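Have a look at my_file.pdb below; it lists PDB, C-alpha atoms.
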```
ATOM      1  CA  MET A   1       0.000   0.000   0.000  1.00  0.00           C
ATOM      2  CA  SER A   2       1.370   3.395  -0.917  1.00  0.00           C
ATOM      3  CA  GLU A   3       1.882   6.213   1.569  1.00  0.00           C
ATOM      4  CA  ALA A   4      -0.980   8.144  -0.068  1.00  0.00           C
ATOM      5  CA  GLU A   5      -3.335   5.168   0.343  1.00  0.00           C
ATOM      6  CA  LYS A   6      -2.282   4.814   3.957  1.00  0.00           C
ATOM      7  CA  GLU A   7      -3.033   8.500   4.625  1.00  0.00           C
ATOM      8  CA  ILE A   8      -6.487   8.196   3.075  1.00  0.00           C
ATOM      9  CA  ILE A   9      -7.301   5.125   5.157  1.00  0.00           C
ATOM     10  CA  VAL A  10      -5.982   6.588   8.403  1.00  0.00           C
ATOM     11  CA  ARG A  11      -7.785   9.906   7.862  1.00  0.00           C
ATOM     12  CA  ALA A  12     -11.105   8.153   7.135  1.00  0.00           C
ATOM     13  CA  VAL A  13     -10.822   5.952  10.228  1.00  0.00           C
ATOM     14  CA  VAL A  14      -9.856   8.929  12.404  1.00  0.00           C
ATOM     15  CA  ASP A  15     -12.855  10.885  11.075  1.00  0.00           C
ATOM     16  CA  ARG A  16     -15.283   8.075  11.903  1.00  0.00           C
ATOM     17  CA  LEU A  17     -13.825   7.465  15.351  1.00  0.00           C
ATOM     18  CA  SER A  18     -13.715  11.188  16.156  1.00  0.00           C
ATOM     19  CA  SER A  19     -17.445  11.420  15.640  1.00  0.00           C
ATOM     20  CA  ARG A  20     -18.017   8.273  17.690  1.00  0.00           C
ATOM     21  CA  PHE A  21     -15.750   9.415  20.566  1.00  0.00           C
ATOM     22  CA  PRO A  22     -16.238  13.206  20.762  1.00  0.00           C
ATOM     23  CA  ASN A  23     -14.492  13.394  24.161  1.00  0.00           C
ATOM     24  CA  ALA A  24     -11.300  11.872  22.781  1.00  0.00           C
ATOM     25  CA  PRO A  25      -8.753  14.358  21.434  1.00  0.00           C
ATOM     26  CA  ARG A  26      -8.314  13.936  17.685  1.00  0.00           C
ATOM     27  CA  PRO A  27      -4.491  13.685  17.945  1.00  0.00           C
ATOM     28  CA  HIS A  28      -4.920  10.855  20.460  1.00  0.00           C
ATOM     29  CA  ILE A  29      -7.262   9.025  18.095  1.00  0.00           C
ATOM     30  CA  ALA A  30      -4.843   9.581  15.206  1.00  0.00           C
ATOM     31  CA  GLY A  31      -2.013   8.129  17.288  1.00  0.00           C
ATOM     32  CA  ILE A  32      -3.973   5.001  18.146  1.00  0.00           C
ATOM     33  CA  VAL A  33      -5.085   4.518  14.551  1.00  0.00           C
ATOM     34  CA  GLY A  34      -1.488   4.965  13.375  1.00  0.00           C
ATOM     35  CA  GLU A  35      -0.233   2.386  15.872  1.00  0.00           C
ATOM     36  CA  GLU A  36      -2.890  -0.105  14.840  1.00  0.00           C
ATOM     37  CA  TYR A  37      -2.159   0.477  11.159  1.00  0.00           C
ATOM     38  CA  GLU A  38       1.557  -0.121  11.667  1.00  0.00           C
ATOM     39  CA  SER A  39       0.887  -3.329  13.586  1.00  0.00           C
ATOM     40  CA  LEU A  40      -1.101  -4.680  10.615  1.00  0.00           C
ATOM     41  CA  ALA A  41       0.797  -3.111   7.712  1.00  0.00           C
ATOM     42  CA  ASP A  42       2.830  -6.232   6.992  1.00  0.00           C
ATOM     43  CA  GLY A  43      -0.228  -8.473   6.757  1.00  0.00           C
ATOM     44  CA  ARG A  44      -0.720 -10.582   3.665  1.00  0.00           C
ATOM     45  CA  ILE A  45      -4.376  -9.731   3.063  1.00  0.00           C
ATOM     46  CA  ARG A  46      -4.253  -5.979   2.706  1.00  0.00           C
ATOM     47  CA  SER A  47      -7.891  -5.420   1.767  1.00  0.00           C
ATOM     48  CA  TYR A  48      -8.955  -6.033   5.392  1.00  0.00           C
ATOM     49  CA  ILE A  49      -6.485  -3.611   6.938  1.00  0.00           C
ATOM     50  CA  PRO A  50      -8.891  -0.622   7.170  1.00  0.00           C
ATOM     51  CA  THR A  51     -11.573  -2.735   8.859  1.00  0.00           C
ATOM     52  CA  LEU A  52      -9.143  -4.343  11.282  1.00  0.00           C
ATOM     53  CA  VAL A  53      -7.471  -1.037  12.123  1.00  0.00           C
ATOM     54  CA  GLU A  54     -10.809   0.599  12.864  1.00  0.00           C
ATOM     55  CA  HIS A  55     -11.977  -2.322  14.975  1.00  0.00           C
ATOM     56  CA  GLU A  56      -8.851  -2.420  17.129  1.00  0.00           C
ATOM     57  CA  ALA A  57      -8.688   1.368  17.512  1.00  0.00           C
ATOM     58  CA  ARG A  58     -12.396   1.511  18.440  1.00  0.00           C
ATOM     59  CA  THR A  59     -11.864  -1.197  21.052  1.00  0.00           C
ATOM     60  CA  ARG A  60      -8.959   0.712  22.603  1.00  0.00           C
ATOM     61  CA  LEU A  61     -10.842   4.009  22.611  1.00  0.00           C
ATOM     62  CA  HIS A  62     -13.946   2.383  24.072  1.00  0.00           C
ATOM     63  CA  ARG A  63     -11.855   0.905  26.869  1.00  0.00           C
ATOM     64  CA  GLU A  64     -10.166   4.229  27.605  1.00  0.00           C
ATOM     65  CA  PHE A  65     -13.102   6.571  27.367  1.00  0.00           C
ATOM     66  CA  THR A  66     -15.847   4.346  28.754  1.00  0.00           C
ATOM     67  CA  SER A  67     -13.909   3.627  31.941  1.00  0.00           C
ATOM     68  CA  GLU A  68     -12.948   7.309  32.199  1.00  0.00           C
ATOM     69  CA  THR A  69     -16.585   8.366  31.875  1.00  0.00           C
ATOM     70  CA  SER A  70     -17.813   5.827  34.425  1.00  0.00           C
ATOM     71  CA  GLN A  71     -15.151   6.962  36.910  1.00  0.00           C
ATOM     72  CA  ASN A  72     -16.416  10.545  36.688  1.00  0.00           C
ATOM     73  CA  VAL A  73     -20.016   9.596  37.509  1.00  0.00           C
ATOM     74  CA  PRO A  74     -20.787  10.010  41.236  1.00  0.00           C
TER      75      PRO A  74
END
```
Conversion result in structure tokens:
Amino acid sequence: MSEAEKEIIVRAVVDRLSSRFPNAPRPHIAGIVGEEYESLADGRIRSYIPTLVEHEARTRLHREFTSETSQNVP
């Protein structure tokens, strides 16, 4: 996958997750998505990378921001 394709994928995933997790800072989301992309970039079946990246990043964000929200509730 070219660098341009990677940027398009990462930006699209960050956009979707930013709307789903409005309390999460966009740079934080971008960092998580980037980490997940890099962990899967060497995979053999490249067509699933965007889906897998989004799934793993969403799971991490859900864990972080759901527990943070529940801790702030009295």
Residues within 12 Å of Ile29 in chain A, all atoms listed in the file, excluding chain neighbours under 2 positions, as a short mmCIF file (atom, residue, chain, number, x, y, z; two decimals) with C-alpha atoms, keeping the file's coordinate frame:
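The resulting file, part_4.cif, is reproduced below:
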```
data_model
loop_
_atom_site.label_atom_id
_atom_site.label_comp_id
_atom_site.auth_asym_id
_atom_site.auth_seq_id
_atom_site.Cartn_x
_atom_site.Cartn_y
_atom_site.Cartn_z
CA VAL A 10 -5.98 6.59 8.40
CA ARG A 11 -7.78 9.91 7.86
CA ALA A 12 -11.10 8.15 7.14
CA VAL A 13 -10.82 5.95 10.23
CA VAL A 14 -9.86 8.93 12.40
CA ASP A 15 -12.86 10.88 11.08
CA ARG A 16 -15.28 8.07 11.90
CA LEU A 17 -13.82 7.46 15.35
CA SER A 18 -13.72 11.19 16.16
CA SER A 19 -17.44 11.42 15.64
CA ARG A 20 -18.02 8.27 17.69
CA PHE A 21 -15.75 9.41 20.57
CA PRO A 22 -16.24 13.21 20.76
CA ASN A 23 -14.49 13.39 24.16
CA ALA A 24 -11.30 11.87 22.78
CA PRO A 25 -8.75 14.36 21.43
CA ARG A 26 -8.31 13.94 17.68
CA PRO A 27 -4.49 13.68 17.94
CA GLY A 31 -2.01 8.13 17.29
CA ILE A 32 -3.97 5.00 18.15
CA VAL A 33 -5.08 4.52 14.55
CA GLY A 34 -1.49 4.96 13.38
CA GLU A 35 -0.23 2.39 15.87
CA GLU A 36 -2.89 -0.10 14.84
CA VAL A 53 -7.47 -1.04 12.12
CA GLU A 54 -10.81 0.60 12.86
CA GLU A 56 -8.85 -2.42 17.13
CA ALA A 57 -8.69 1.37 17.51
CA ARG A 58 -12.40 1.51 18.44
CA THR A 59 -11.86 -1.20 21.05
CA ARG A 60 -8.96 0.71 22.60
CA LEU A 61 -10.84 4.01 22.61
CA HIS A 62 -13.95 2.38 24.07
CA GLU A 64 -10.17 4.23 27.60
CA PHE A 65 -13.10 6.57 27.37
#
```
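Computed from the coordinates, the CA of His28 in chain A to CA of Ile45 in chain A distance equals 27.0 Å.
For the pair CA of Ala30 in chain A and CA of Arg44 in chain A, the separation is 23.6 Å.
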Might I get the box with edges along x, y and z of the file that holds all atoms of range 42-48 of chain A listed there, padded by 6 Å on every side, given as centre and edge lengths in Å to one decimal, as lines of an AutoDock Vina configuration file?
```
center_x = -3.1
center_y = -8.0
center_z = 4.4
size_x = 23.8
size_y = 17.2
size_z = 17.2
```
What is the distance, in Å and to one decimal place, between CA of Leu52 in chain A and CA of Tyr37 in chain A? 8.5 Å
